[in-house]
$ cat work-v3.cif   # mmCIF, C-alpha atoms and all ligand atoms
data_entry
#
loop_
_atom_site.group_PDB
_atom_site.id
_atom_site.type_symbol
_atom_site.label_atom_id
_atom_site.label_comp_id
_atom_site.auth_asym_id
_atom_site.auth_seq_id
_atom_site.Cartn_x
_atom_site.Cartn_y
_atom_site.Cartn_z
ATOM 1 C CA MET A 1 71.371 194.990 63.901
ATOM 2 C CA LYS A 2 71.824 197.917 66.290
ATOM 3 C CA ARG A 3 75.204 199.577 66.680
ATOM 4 C CA VAL A 4 76.665 199.809 70.200
ATOM 5 C CA ARG A 5 77.107 203.522 70.950
ATOM 6 C CA LYS A 6 76.366 203.960 74.621
ATOM 7 C CA ALA A 7 78.377 203.375 77.783
ATOM 8 C CA VAL A 8 77.062 203.243 81.326
ATOM 9 C CA ILE A 9 79.531 203.812 84.167
ATOM 10 C CA PRO A 10 78.092 203.101 87.632
ATOM 11 C CA ALA A 11 79.936 205.233 90.173
ATOM 12 C CA ALA A 12 77.348 205.747 92.901
ATOM 13 C CA GLY A 13 78.727 203.318 95.497
ATOM 14 C CA LEU A 14 79.880 204.425 98.935
ATOM 15 C CA GLY A 15 83.529 203.443 98.530
ATOM 16 C CA THR A 16 83.758 202.366 102.165
ATOM 17 C CA ARG A 17 86.970 200.382 101.613
ATOM 18 C CA PHE A 18 88.771 203.651 100.937
ATOM 19 C CA LEU A 19 87.595 205.647 103.933
ATOM 20 C CA PRO A 20 88.585 208.201 105.081
ATOM 21 C CA ALA A 21 89.809 209.279 101.599
ATOM 22 C CA THR A 22 86.333 208.752 100.150
ATOM 23 C CA LYS A 23 84.375 210.671 102.767
ATOM 24 C CA ALA A 24 84.257 213.795 100.594
ATOM 25 C CA ILE A 25 85.924 212.588 97.367
ATOM 26 C CA PRO A 26 84.424 209.904 95.107
ATOM 27 C CA LYS A 27 86.540 206.759 95.032
ATOM 28 C CA GLU A 28 86.451 206.945 91.230
ATOM 29 C CA MET A 29 88.262 210.310 91.403
ATOM 30 C CA LEU A 30 91.299 208.995 93.292
ATOM 31 C CA PRO A 31 94.332 209.359 91.025
ATOM 32 C CA ILE A 32 96.576 206.667 89.601
ATOM 33 C CA VAL A 33 99.760 208.735 89.101
ATOM 34 C CA ASP A 34 98.002 211.930 87.940
ATOM 35 C CA LYS A 35 94.785 210.749 86.318
ATOM 36 C CA PRO A 36 91.569 209.868 88.149
ATOM 37 C CA ILE A 37 90.607 206.189 88.001
ATOM 38 C CA ILE A 38 87.421 207.010 86.120
ATOM 39 C CA GLN A 39 89.320 208.785 83.337
ATOM 40 C CA TYR A 40 91.125 205.528 82.491
ATOM 41 C CA VAL A 41 87.681 203.922 82.269
ATOM 42 C CA VAL A 42 86.269 206.659 80.012
ATOM 43 C CA GLU A 43 89.371 206.423 77.801
ATOM 44 C CA GLU A 44 88.675 202.725 77.319
ATOM 45 C CA ALA A 45 85.104 203.552 76.251
ATOM 46 C CA VAL A 46 86.408 206.116 73.747
ATOM 47 C CA GLN A 47 89.086 203.744 72.413
ATOM 48 C CA SER A 48 86.387 201.095 71.976
ATOM 49 C CA GLY A 49 84.461 203.435 69.679
ATOM 50 C CA LEU A 50 81.573 204.279 72.033
ATOM 51 C CA GLU A 51 80.088 207.751 71.648
ATOM 52 C CA ASP A 52 77.869 208.558 74.653
ATOM 53 C CA VAL A 53 78.695 208.008 78.308
ATOM 54 C CA CYS A 54 76.280 208.088 81.221
ATOM 55 C CA PHE A 55 77.680 208.118 84.744
ATOM 56 C CA VAL A 56 75.499 206.827 87.536
ATOM 57 C CA THR A 57 76.283 209.103 90.449
ATOM 58 C CA SER A 58 74.886 210.000 93.839
ATOM 59 C CA GLN A 59 75.025 212.913 96.204
ATOM 60 C CA GLY A 60 78.581 214.106 96.832
ATOM 61 C CA LYS A 61 79.857 212.740 93.513
ATOM 62 C CA SER A 62 79.566 215.865 91.383
ATOM 63 C CA ALA A 63 83.382 215.985 91.111
ATOM 64 C CA ILE A 64 82.985 213.247 88.478
ATOM 65 C CA GLU A 65 80.730 215.364 86.248
ATOM 66 C CA ASP A 66 82.913 218.430 86.888
ATOM 67 C CA HIS A 67 86.051 216.577 85.868
ATOM 68 C CA PHE A 68 84.690 215.907 82.372
ATOM 69 C CA ASP A 69 83.111 219.343 82.039
ATOM 70 C CA TYR A 70 84.850 222.379 80.531
ATOM 71 C CA ASP A 71 85.965 224.785 83.246
ATOM 72 C CA TYR A 72 86.084 228.104 81.433
ATOM 73 C CA GLN A 73 87.666 230.054 84.322
ATOM 74 C CA PHE A 74 90.380 227.470 84.931
ATOM 75 C CA ALA A 75 91.167 227.339 81.200
ATOM 76 C CA THR A 76 91.378 231.136 81.020
ATOM 77 C CA VAL A 77 93.889 231.259 83.893
ATOM 78 C CA LEU A 78 96.053 228.554 82.279
ATOM 79 C CA ALA A 79 95.923 230.433 78.949
ATOM 80 C CA GLU A 80 96.902 233.717 80.640
ATOM 81 C CA GLN A 81 99.839 231.998 82.288
ATOM 82 C CA GLY A 82 100.933 230.578 78.931
ATOM 83 C CA LYS A 83 100.588 226.984 80.182
ATOM 84 C CA THR A 84 99.540 225.655 76.801
ATOM 85 C CA GLU A 85 100.394 222.002 77.413
ATOM 86 C CA LEU A 86 98.306 221.889 80.575
ATOM 87 C CA LEU A 87 95.519 223.768 78.819
ATOM 88 C CA GLN A 88 95.529 221.107 76.114
ATOM 89 C CA ILE A 89 95.269 218.309 78.726
ATOM 90 C CA VAL A 90 92.313 220.020 80.379
ATOM 91 C CA ARG A 91 90.615 220.649 76.997
ATOM 92 C CA GLU A 92 91.071 217.084 75.826
ATOM 93 C CA ILE A 93 89.260 215.714 78.884
ATOM 94 C CA SER A 94 86.136 217.737 78.164
ATOM 95 C CA GLN A 95 86.240 216.945 74.442
ATOM 96 C CA MET A 96 86.709 213.228 74.936
ATOM 97 C CA ILE A 97 83.101 212.104 74.622
ATOM 98 C CA VAL A 98 79.494 213.209 75.178
ATOM 99 C CA ILE A 99 78.818 212.921 78.892
ATOM 100 C CA SER A 100 75.578 212.760 80.826
ATOM 101 C CA SER A 101 74.690 211.483 84.257
ATOM 102 C CA MET A 102 71.821 209.946 86.147
ATOM 103 C CA ARG A 103 71.293 209.766 89.862
ATOM 104 C CA GLN A 104 70.961 206.671 91.961
ATOM 105 C CA LYS A 105 69.242 208.053 95.040
ATOM 106 C CA LYS A 106 70.311 205.196 97.322
ATOM 107 C CA PRO A 107 73.171 202.722 96.806
ATOM 108 C CA MET A 108 70.793 199.817 96.204
ATOM 109 C CA GLY A 109 73.284 197.704 94.289
ATOM 110 C CA LEU A 110 74.927 197.455 90.895
ATOM 111 C CA GLY A 111 71.812 195.978 89.261
ATOM 112 C CA HIS A 112 69.803 198.951 90.479
ATOM 113 C CA ALA A 113 72.511 201.377 89.268
ATOM 114 C CA VAL A 114 72.223 199.891 85.761
ATOM 115 C CA LEU A 115 68.420 199.958 85.942
ATOM 116 C CA VAL A 116 68.306 203.732 86.538
ATOM 117 C CA THR A 117 70.022 204.279 83.161
ATOM 118 C CA GLU A 118 67.148 202.793 81.152
ATOM 119 C CA PRO A 119 65.920 206.251 79.958
ATOM 120 C CA PHE A 120 69.458 206.979 78.699
ATOM 121 C CA VAL A 121 70.032 203.614 77.042
ATOM 122 C CA GLY A 122 66.593 203.063 75.523
ATOM 123 C CA ASP A 123 66.239 200.102 73.200
ATOM 124 C CA GLU A 124 69.919 199.673 72.270
ATOM 125 C CA PRO A 125 72.705 197.311 73.274
ATOM 126 C CA PHE A 126 75.178 199.081 75.584
ATOM 127 C CA GLY A 127 78.437 198.700 77.469
ATOM 128 C CA VAL A 128 78.725 198.749 81.267
ATOM 129 C CA PHE A 129 82.060 199.748 82.810
ATOM 130 C CA LEU A 130 82.528 199.644 86.573
ATOM 131 C CA GLY A 131 83.914 203.012 87.566
ATOM 132 C CA ASP A 132 86.710 201.542 89.693
ATOM 133 C CA ASP A 133 87.977 198.737 87.437
ATOM 134 C CA ILE A 134 90.997 199.579 85.273
ATOM 135 C CA ILE A 135 92.100 197.132 82.604
ATOM 136 C CA ALA A 136 95.401 197.483 80.797
ATOM 137 C CA SER A 137 95.320 195.701 77.443
ATOM 138 C CA LYS A 138 96.543 196.089 73.868
ATOM 139 C CA LYS A 139 93.001 195.918 72.551
ATOM 140 C CA PRO A 140 90.536 197.673 74.903
ATOM 141 C CA VAL A 141 88.438 195.063 76.679
ATOM 142 C CA MET A 142 85.150 196.619 75.586
ATOM 143 C CA ARG A 143 86.328 196.342 71.978
ATOM 144 C CA GLN A 144 87.033 192.638 72.602
ATOM 145 C CA LEU A 145 83.440 192.256 73.859
ATOM 146 C CA LEU A 146 82.076 194.248 70.918
ATOM 147 C CA GLU A 147 83.663 191.826 68.475
ATOM 148 C CA ILE A 148 81.892 188.924 70.198
ATOM 149 C CA PHE A 149 78.633 190.862 70.200
ATOM 150 C CA LEU A 150 78.870 191.464 66.452
ATOM 151 C CA GLU A 151 79.379 187.766 65.904
ATOM 152 C CA ARG A 152 76.775 186.420 68.371
ATOM 153 C CA GLN A 153 74.230 189.255 68.744
ATOM 154 C CA ALA A 154 73.949 188.497 72.449
ATOM 155 C CA SER A 155 75.087 189.864 75.790
ATOM 156 C CA VAL A 156 78.680 189.109 76.722
ATOM 157 C CA LEU A 157 80.467 189.487 80.054
ATOM 158 C CA ALA A 158 84.213 189.831 80.594
ATOM 159 C CA VAL A 159 85.454 187.089 82.923
ATOM 160 C CA LEU A 160 88.731 186.383 84.675
ATOM 161 C CA GLU A 161 90.132 183.138 86.064
ATOM 162 C CA VAL A 162 90.635 183.679 89.805
ATOM 163 C CA PRO A 163 92.282 181.423 92.401
ATOM 164 C CA GLY A 164 90.008 179.224 94.604
ATOM 165 C CA GLU A 165 89.229 181.387 97.654
ATOM 166 C CA ALA A 166 88.776 184.567 95.623
ATOM 167 C CA VAL A 167 85.531 183.378 93.979
ATOM 168 C CA SER A 168 83.588 184.476 97.054
ATOM 169 C CA ARG A 169 84.243 188.136 96.157
ATOM 170 C CA TYR A 170 82.726 187.921 92.663
ATOM 171 C CA GLY A 171 79.783 186.884 90.557
ATOM 172 C CA VAL A 172 80.805 183.503 89.129
ATOM 173 C CA VAL A 173 79.595 181.813 85.942
ATOM 174 C CA SER A 174 78.824 178.223 85.121
ATOM 175 C CA VAL A 175 79.666 177.675 81.451
ATOM 176 C CA GLU A 176 79.839 175.337 78.504
ATOM 177 C CA PRO A 177 82.441 175.686 75.747
ATOM 178 C CA THR A 178 81.534 177.215 72.400
ATOM 179 C CA GLY A 179 84.412 175.578 70.574
ATOM 180 C CA ASP A 180 86.041 178.899 69.632
ATOM 181 C CA SER A 181 89.595 178.399 68.469
ATOM 182 C CA GLN A 182 91.225 180.302 71.358
ATOM 183 C CA GLY A 183 89.180 178.745 74.152
ATOM 184 C CA ARG A 184 88.157 182.175 75.414
ATOM 185 C CA LEU A 185 84.434 182.249 74.638
ATOM 186 C CA PHE A 186 81.880 180.322 76.695
ATOM 187 C CA ARG A 187 78.122 180.084 76.761
ATOM 188 C CA ILE A 188 76.823 180.828 80.261
ATOM 189 C CA THR A 189 74.509 178.228 81.780
ATOM 190 C CA ASP A 190 74.161 179.838 85.229
ATOM 191 C CA LEU A 191 75.476 182.685 87.398
ATOM 192 C CA VAL A 192 75.939 182.911 91.167
ATOM 193 C CA GLU A 193 76.778 186.000 93.195
ATOM 194 C CA LYS A 194 79.667 185.601 95.667
ATOM 195 C CA PRO A 195 79.543 181.806 96.127
ATOM 196 C CA SER A 196 81.579 180.063 98.801
ATOM 197 C CA PRO A 197 84.601 178.307 97.197
ATOM 198 C CA ASP A 198 83.038 174.841 97.661
ATOM 199 C CA GLN A 199 79.830 175.951 95.909
ATOM 200 C CA ALA A 200 81.351 177.940 93.061
ATOM 201 C CA PRO A 201 80.429 176.443 89.667
ATOM 202 C CA SER A 202 83.803 177.490 88.176
ATOM 203 C CA ASN A 203 86.673 179.873 88.826
ATOM 204 C CA LEU A 204 85.537 182.276 86.092
ATOM 205 C CA ALA A 205 84.704 185.529 87.840
ATOM 206 C CA ILE A 206 82.714 188.382 86.320
ATOM 207 C CA ILE A 207 84.699 191.612 86.372
ATOM 208 C CA GLY A 208 83.693 195.160 85.557
ATOM 209 C CA ARG A 209 82.919 195.042 81.833
ATOM 210 C CA TYR A 210 79.611 193.939 80.346
ATOM 211 C CA LEU A 211 78.050 194.317 76.933
ATOM 212 C CA LEU A 212 74.318 193.958 77.416
ATOM 213 C CA THR A 213 71.174 193.885 75.328
ATOM 214 C CA PRO A 214 68.328 196.183 76.503
ATOM 215 C CA ARG A 215 66.349 193.067 77.506
ATOM 216 C CA VAL A 216 68.344 193.271 80.732
ATOM 217 C CA PHE A 217 66.056 196.099 81.910
ATOM 218 C CA PRO A 218 62.827 194.072 82.266
ATOM 219 C CA ALA A 219 64.963 191.338 83.833
ATOM 220 C CA LEU A 220 66.310 193.808 86.417
ATOM 221 C CA GLN A 221 62.862 195.260 87.092
ATOM 222 C CA ASN A 222 61.750 191.821 88.234
ATOM 223 C CA THR A 223 64.864 191.129 90.302
ATOM 224 C CA PRO A 224 64.328 191.291 94.083
ATOM 225 C CA PRO A 225 67.166 192.321 96.424
ATOM 226 C CA GLY A 226 69.695 189.509 96.830
ATOM 227 C CA LYS A 227 73.068 189.232 98.638
ATOM 228 C CA GLY A 228 73.605 192.164 101.012
ATOM 229 C CA GLY A 229 70.009 193.371 100.454
ATOM 230 C CA GLU A 230 71.115 194.892 97.123
ATOM 231 C CA ILE A 231 69.689 194.413 93.630
ATOM 232 C CA GLN A 232 72.512 192.412 92.125
ATOM 233 C CA LEU A 233 73.349 192.679 88.430
ATOM 234 C CA THR A 234 74.309 188.991 88.550
ATOM 235 C CA ASP A 235 70.749 188.083 89.636
ATOM 236 C CA GLY A 236 69.307 190.224 86.814
ATOM 237 C CA LEU A 237 71.579 188.478 84.313
ATOM 238 C CA ARG A 238 70.397 185.140 85.640
ATOM 239 C CA ARG A 239 66.857 186.165 84.692
ATOM 240 C CA LEU A 240 68.045 187.414 81.309
ATOM 241 C CA LEU A 241 69.553 183.989 80.740
ATOM 242 C CA THR A 242 66.074 182.434 80.870
ATOM 243 C CA LYS A 243 65.077 184.621 77.864
ATOM 244 C CA GLU A 244 68.194 184.676 75.665
ATOM 245 C CA PRO A 245 71.769 183.379 75.494
ATOM 246 C CA VAL A 246 74.500 185.195 77.424
ATOM 247 C CA TYR A 247 78.219 184.641 76.798
ATOM 248 C CA ALA A 248 81.349 184.929 78.925
ATOM 249 C CA TYR A 249 84.641 186.030 77.376
ATOM 250 C CA ARG A 250 87.986 185.396 79.062
ATOM 251 C CA PHE A 251 89.460 188.748 78.058
ATOM 252 C CA GLU A 252 93.076 189.561 77.229
ATOM 253 C CA GLY A 253 94.618 192.133 79.567
ATOM 254 C CA THR A 254 95.512 192.902 83.173
ATOM 255 C CA ARG A 255 92.759 194.033 85.470
ATOM 256 C CA TYR A 256 93.194 196.201 88.567
ATOM 257 C CA ASP A 257 90.318 196.506 91.004
ATOM 258 C CA ALA A 258 91.195 200.033 91.999
ATOM 259 C CA GLY A 259 88.465 199.986 94.659
ATOM 260 C CA ASN A 260 90.685 197.621 96.637
ATOM 261 C CA LYS A 261 93.681 199.136 98.440
ATOM 262 C CA LEU A 262 96.312 196.578 97.474
ATOM 263 C CA GLU A 263 95.317 196.565 93.794
ATOM 264 C CA TYR A 264 95.181 200.356 93.789
ATOM 265 C CA LEU A 265 98.786 200.420 95.014
ATOM 266 C CA LYS A 266 99.845 197.851 92.403
ATOM 267 C CA ALA A 267 98.210 199.889 89.638
ATOM 268 C CA THR A 268 99.947 203.034 90.869
ATOM 269 C CA VAL A 269 103.394 201.386 90.813
ATOM 270 C CA GLU A 270 102.913 199.626 87.472
ATOM 271 C CA PHE A 271 101.429 202.637 85.692
ATOM 272 C CA ALA A 272 104.139 204.943 87.086
ATOM 273 C CA LEU A 273 106.815 202.582 85.734
ATOM 274 C CA GLN A 274 105.348 203.081 82.249
ATOM 275 C CA ARG A 275 105.327 206.853 82.386
ATOM 276 C CA ASP A 276 108.088 208.680 80.507
ATOM 277 C CA ASP A 277 108.077 211.591 82.933
ATOM 278 C CA VAL A 278 108.643 209.611 86.158
ATOM 279 C CA ALA A 279 109.580 206.010 85.251
ATOM 280 C CA ASP A 280 113.393 206.266 85.470
ATOM 281 C CA ALA A 281 113.514 208.170 88.739
ATOM 282 C CA PHE A 282 110.776 206.023 90.248
ATOM 283 C CA ARG A 283 112.511 202.775 89.234
ATOM 284 C CA SER A 284 115.778 203.969 90.861
ATOM 285 C CA TYR A 285 113.860 204.886 93.981
ATOM 286 C CA LEU A 286 112.193 201.444 94.167
ATOM 287 C CA GLN A 287 115.513 199.685 93.594
ATOM 288 C CA GLN A 288 117.194 201.403 96.515
ATOM 289 C CA LEU A 289 114.386 200.553 98.950
ATOM 290 C CA GLU A 290 115.567 197.945 101.410
ATOM 291 C CA LEU A 291 112.601 195.582 101.335
HETATM 292 P P1 LIG A 301 81.710 198.260 94.665
HETATM 293 O O1 LIG A 301 80.973 197.372 95.548
HETATM 294 O O2 LIG A 301 83.126 197.957 94.325
HETATM 295 O O3 LIG A 301 81.723 199.772 95.178
HETATM 296 O O4 LIG A 301 80.879 198.491 93.333
HETATM 297 P P2 LIG A 301 81.373 200.467 96.530
HETATM 298 O O5 LIG A 301 80.114 199.936 97.108
HETATM 299 O O6 LIG A 301 81.447 201.928 96.228
HETATM 300 O O7 LIG A 301 82.670 200.105 97.375
HETATM 301 P P3 LIG A 301 82.883 199.635 98.875
HETATM 302 O O8 LIG A 301 82.704 198.139 98.837
HETATM 303 O O9 LIG A 301 81.898 200.350 99.765
HETATM 304 O O10 LIG A 301 84.302 200.042 99.158
HETATM 305 C C1 LIG A 301 81.442 198.503 92.024
HETATM 306 C C2 LIG A 301 81.029 199.738 91.251
HETATM 307 O O11 LIG A 301 79.619 199.861 91.201
HETATM 308 C C3 LIG A 301 79.202 201.112 91.681
HETATM 309 C C4 LIG A 301 80.370 201.626 92.531
HETATM 310 O O12 LIG A 301 80.416 203.042 92.527
HETATM 311 C C5 LIG A 301 81.577 201.016 91.864
HETATM 312 O O13 LIG A 301 82.103 201.842 90.839
HETATM 313 N N1 LIG A 301 77.940 200.974 92.464
HETATM 314 C C6 LIG A 301 77.834 200.031 93.434
HETATM 315 C C7 LIG A 301 76.883 201.828 92.199
HETATM 316 O O14 LIG A 301 76.953 202.689 91.299
HETATM 317 N N2 LIG A 301 75.742 201.699 92.945
HETATM 318 C C8 LIG A 301 75.606 200.784 93.924
HETATM 319 O O15 LIG A 301 74.543 200.724 94.551
HETATM 320 C C9 LIG A 301 76.690 199.910 94.176
#

$ encode --input "work-v3.cif" --output "structure tokens" --more "lines below"
Ligand code: UTP
Amino acid sequence: MKRVRKAVIPAAGLGTRFLPATKAIPKEMLPIVDKPIIQYVVEEAVQSGLEDVCFVTSQGKSAIEDHFDYDYQFATVLAEQGKTELLQIVREISQMIVISSMRQKKPMGLGHAVLVTEPFVGDEPFGVFLGDDIIASKKPVMRQLLEIFLERQASVLAVLEVPGEAVSRYGVVSVEPTGDSQGRLFRITDLVEKPSPDQAPSNLAIIGRYLLTPRVFPALQNTPPGKGGEIQLTDGLRRLLTKEPVYAYRFEGTRYDAGNKLEYLKATVEFALQRDDVADAFRSYLQQLEL
């Protein structure tokens, strides 16, 4: 049985829903309070016990690699100014985990972004974290998936129940129950990318956390472009399903699609209300707004 050590974080998309902010800044670097979205994602990987992270980036996204790098000059200035607390914050980011990155030359879809990481992943099971999905939960979602993987030795996708119309924005799974005591684990029988509500096989939507076996790579290699002319990870997983079982896990936690403006704003408000340094003042401010 192979241990799960590696995390892949695709972050090479264009981020068009956040233009003009994302013209020169990667969407994944936009802050929620004072931390870039992608740092929340990396923290989840670390808290789940993963050891190596590979970002999938593209041109203009080097701010992501720089953020997790150690900036010697910046650290020296902070040290000279006696700003030890800030220095510690900056240090901790670069010491968090081993980071590498691979380039996706064209945004050819999420399936393609995962495919380019094959040399990094090799023949091991691995976690995939979408670089703009933040999930607040007591137990990190990837750790929840890891527990299922240990038990089943098969790929497992985090899924979320979404209301009717919303299915058309997601990959959706068709499932059968596994009889687990909590009713959270399902065996996938089919997957469809962005179905219309009347054709969706369920309301269980795939969100941005996957624990995959390396057999997904040959499946992706044989996957032609699908919806939107992109190589869809959902289509690759559909092929994987013909070779081995794949599970869906209705995770515990609250998910924010920070690549979507409204959810980004919700995450900002909710995370700020949990921060010791700003929560009280921010709550008073919100209360006096005449809405
Ligand atoms: P999205 O579809 O949410 O990201 O992909 P996007 O394409 O950047 O956003 P919009 O729709 O134009 O606003 C989910 C994640 O997958 C990555 C994105 O960077 C994002 O983190 N992705 C997507 C890639 O790495 N490569 C791709 O070809 C597509």

$ residues_around --input "work-v3.cif" --residues "segment 162-177 of chain A" --least-positions-apart "2" --cutoff "6 Å" --atoms "all atoms listed in the file" --output "PyMOL selection string"
chain A and resi 179+186-197+201-206

$ write_last_selection --input "work-v3.cif" --atoms "C-alpha atoms" --output "mmCIF file, in the frame of the given file"
data_model
loop_
_atom_site.group_PDB
_atom_site.id
_atom_site.type_symbol
_atom_site.label_atom_id
_atom_site.label_comp_id
_atom_site.auth_asym_id
_atom_site.auth_seq_id
_atom_site.Cartn_x
_atom_site.Cartn_y
_atom_site.Cartn_z
ATOM 1 C CA GLY A 179 84.412 175.578 70.574
ATOM 2 C CA PHE A 186 81.880 180.322 76.695
ATOM 3 C CA ARG A 187 78.122 180.084 76.761
ATOM 4 C CA ILE A 188 76.823 180.828 80.261
ATOM 5 C CA THR A 189 74.509 178.228 81.780
ATOM 6 C CA ASP A 190 74.161 179.838 85.229
ATOM 7 C CA LEU A 191 75.476 182.685 87.398
ATOM 8 C CA VAL A 192 75.939 182.911 91.167
ATOM 9 C CA GLU A 193 76.778 186.000 93.195
ATOM 10 C CA LYS A 194 79.667 185.601 95.667
ATOM 11 C CA PRO A 195 79.543 181.806 96.127
ATOM 12 C CA SER A 196 81.579 180.063 98.801
ATOM 13 C CA PRO A 197 84.601 178.307 97.197
ATOM 14 C CA PRO A 201 80.429 176.443 89.667
ATOM 15 C CA SER A 202 83.803 177.490 88.176
ATOM 16 C CA ASN A 203 86.673 179.873 88.826
ATOM 17 C CA LEU A 204 85.537 182.276 86.092
ATOM 18 C CA ALA A 205 84.704 185.529 87.840
ATOM 19 C CA ILE A 206 82.714 188.382 86.320
#

$ resolve_selection --input "work-v3.cif" --expression "the PyMOL selection byres (((chain A and resi 131) around 10) and not hetatm)" --output "list in words"
Val8, Ile9, Pro10, Ala11, Ala12, Gly13, Lys27, Glu28, Met29, Ile37, Ile38, Gln39, Tyr40, Val41, Val42, Phe55, Val56, Val128, Phe129, Leu130, Asp132, Asp133, Ile134, Gly208, Arg209, Asp257, Ala258 and Gly259 of chain A

$ write_last_selection --input "work-v3.cif" --atoms "C-alpha atoms" --output "PDB file, keeping the file's coordinate frame"
ATOM      1  CA  VAL A   8      77.062 203.243  81.326  1.00  0.00           C
ATOM      2  CA  ILE A   9      79.531 203.812  84.167  1.00  0.00           C
ATOM      3  CA  PRO A  10      78.092 203.101  87.632  1.00  0.00           C
ATOM      4  CA  ALA A  11      79.936 205.233  90.173  1.00  0.00           C
ATOM      5  CA  ALA A  12      77.348 205.747  92.901  1.00  0.00           C
ATOM      6  CA  GLY A  13      78.727 203.318  95.497  1.00  0.00           C
ATOM      7  CA  LYS A  27      86.540 206.759  95.032  1.00  0.00           C
ATOM      8  CA  GLU A  28      86.451 206.945  91.230  1.00  0.00           C
ATOM      9  CA  MET A  29      88.262 210.310  91.403  1.00  0.00           C
ATOM     10  CA  ILE A  37      90.607 206.189  88.001  1.00  0.00           C
ATOM     11  CA  ILE A  38      87.421 207.010  86.120  1.00  0.00           C
ATOM     12  CA  GLN A  39      89.320 208.785  83.337  1.00  0.00           C
ATOM     13  CA  TYR A  40      91.125 205.528  82.491  1.00  0.00           C
ATOM     14  CA  VAL A  41      87.681 203.922  82.269  1.00  0.00           C
ATOM     15  CA  VAL A  42      86.269 206.659  80.012  1.00  0.00           C
ATOM     16  CA  PHE A  55      77.680 208.118  84.744  1.00  0.00           C
ATOM     17  CA  VAL A  56      75.499 206.827  87.536  1.00  0.00           C
ATOM     18  CA  VAL A 128      78.725 198.749  81.267  1.00  0.00           C
ATOM     19  CA  PHE A 129      82.060 199.748  82.810  1.00  0.00           C
ATOM     20  CA  LEU A 130      82.528 199.644  86.573  1.00  0.00           C
ATOM     21  CA  ASP A 132      86.710 201.542  89.693  1.00  0.00           C
ATOM     22  CA  ASP A 133      87.977 198.737  87.437  1.00  0.00           C
ATOM     23  CA  ILE A 134      90.997 199.579  85.273  1.00  0.00           C
ATOM     24  CA  GLY A 208      83.693 195.160  85.557  1.00  0.00           C
ATOM     25  CA  ARG A 209      82.919 195.042  81.833  1.00  0.00           C
ATOM     26  CA  ASP A 257      90.318 196.506  91.004  1.00  0.00           C
ATOM     27  CA  ALA A 258      91.195 200.033  91.999  1.00  0.00           C
ATOM     28  CA  GLY A 259      88.465 199.986  94.659  1.00  0.00           C
TER      29      GLY A 259
END

$ residues_around --input "work-v3.cif" --residues "Thr16 of chain A" --least-positions-apart "5" --cutoff "12 Å" --atoms "only C-alpha atoms" --output "list in words"
Ala21, Thr22, Lys23, Ala24, Ile25, Pro26, Lys27, Pro107, Gly259, Asn260 and Lys261 of chain A

$ atom_distance --input "work-v3.cif" --atom1 "atom CA of Ser137 of chain A" --atom2 "atom CA of Val269 of chain A"
16.6 Å

$ axis_aligned_box --input "work-v3.cif" --around "ligand LIG 301 (chain A)" --padding-each-side "6 Å" --output "JSON"
{"center_x": 79.4, "center_y": 200.2, "center_z": 95.3, "size_x": 21.8, "size_y": 17.7, "size_z": 20.9}

$ residues_around --input "work-v3.cif" --residues "Lys243 of chain A" --least-positions-apart "4" --cutoff "12 Å" --atoms "all atoms listed in the file" --output "ChimeraX atom specification"
/A:154-155,213,215-216,218-219,236-239

$ closest_residue --input "work-v3.cif" --among "A:Arg91, A:Lys227, A:Lys2, A:Arg143" --to "ligand LIG 301 (chain A)" --atoms "all atoms listed in the file"
A:Lys227

$ decode --input "work-v3.cif" --residues "segment 158-167 of chain A" --atoms "N, CA and C atoms" --output "mmCIF file, in the first residue's frame"
data_model
loop_
_atom_site.group_PDB
_atom_site.id
_atom_site.type_symbol
_atom_site.label_atom_id
_atom_site.label_comp_id
_atom_site.auth_asym_id
_atom_site.auth_seq_id
_atom_site.Cartn_x
_atom_site.Cartn_y
_atom_site.Cartn_z
ATOM 1 N N ALA A 158 -14.404 14.510 -3.287
ATOM 2 C CA ALA A 158 -15.267 15.219 -2.344
ATOM 3 C C ALA A 158 -16.481 15.732 -3.111
ATOM 4 N N VAL A 159 -17.672 15.481 -2.581
ATOM 5 C CA VAL A 159 -18.883 15.983 -3.251
ATOM 6 C C VAL A 159 -19.737 16.769 -2.263
ATOM 7 N N LEU A 160 -20.587 17.620 -2.857
ATOM 8 C CA LEU A 160 -21.420 18.543 -2.100
ATOM 9 C C LEU A 160 -22.827 18.481 -2.683
ATOM 10 N N GLU A 161 -23.835 18.463 -1.798
ATOM 11 C CA GLU A 161 -25.211 18.513 -2.298
ATOM 12 C C GLU A 161 -25.512 19.941 -2.721
ATOM 13 N N VAL A 162 -25.922 20.152 -3.968
ATOM 14 C CA VAL A 162 -26.217 21.523 -4.412
ATOM 15 C C VAL A 162 -27.681 21.601 -4.851
ATOM 16 N N PRO A 163 -28.280 22.809 -4.741
ATOM 17 C CA PRO A 163 -29.678 22.938 -5.160
ATOM 18 C C PRO A 163 -29.825 22.809 -6.674
ATOM 19 N N GLY A 164 -30.988 22.304 -7.118
ATOM 20 C CA GLY A 164 -31.345 21.994 -8.506
ATOM 21 C C GLY A 164 -30.570 22.678 -9.625
ATOM 22 N N GLU A 165 -30.804 23.976 -9.808
ATOM 23 C CA GLU A 165 -30.216 24.705 -10.949
ATOM 24 C C GLU A 165 -28.685 24.679 -10.960
ATOM 25 N N ALA A 166 -28.107 24.639 -9.751
ATOM 26 C CA ALA A 166 -26.654 24.794 -9.629
ATOM 27 C C ALA A 166 -25.867 23.637 -10.247
ATOM 28 N N VAL A 167 -26.521 22.478 -10.456
ATOM 29 C CA VAL A 167 -25.772 21.329 -10.995
ATOM 30 C C VAL A 167 -25.065 21.654 -12.314
#
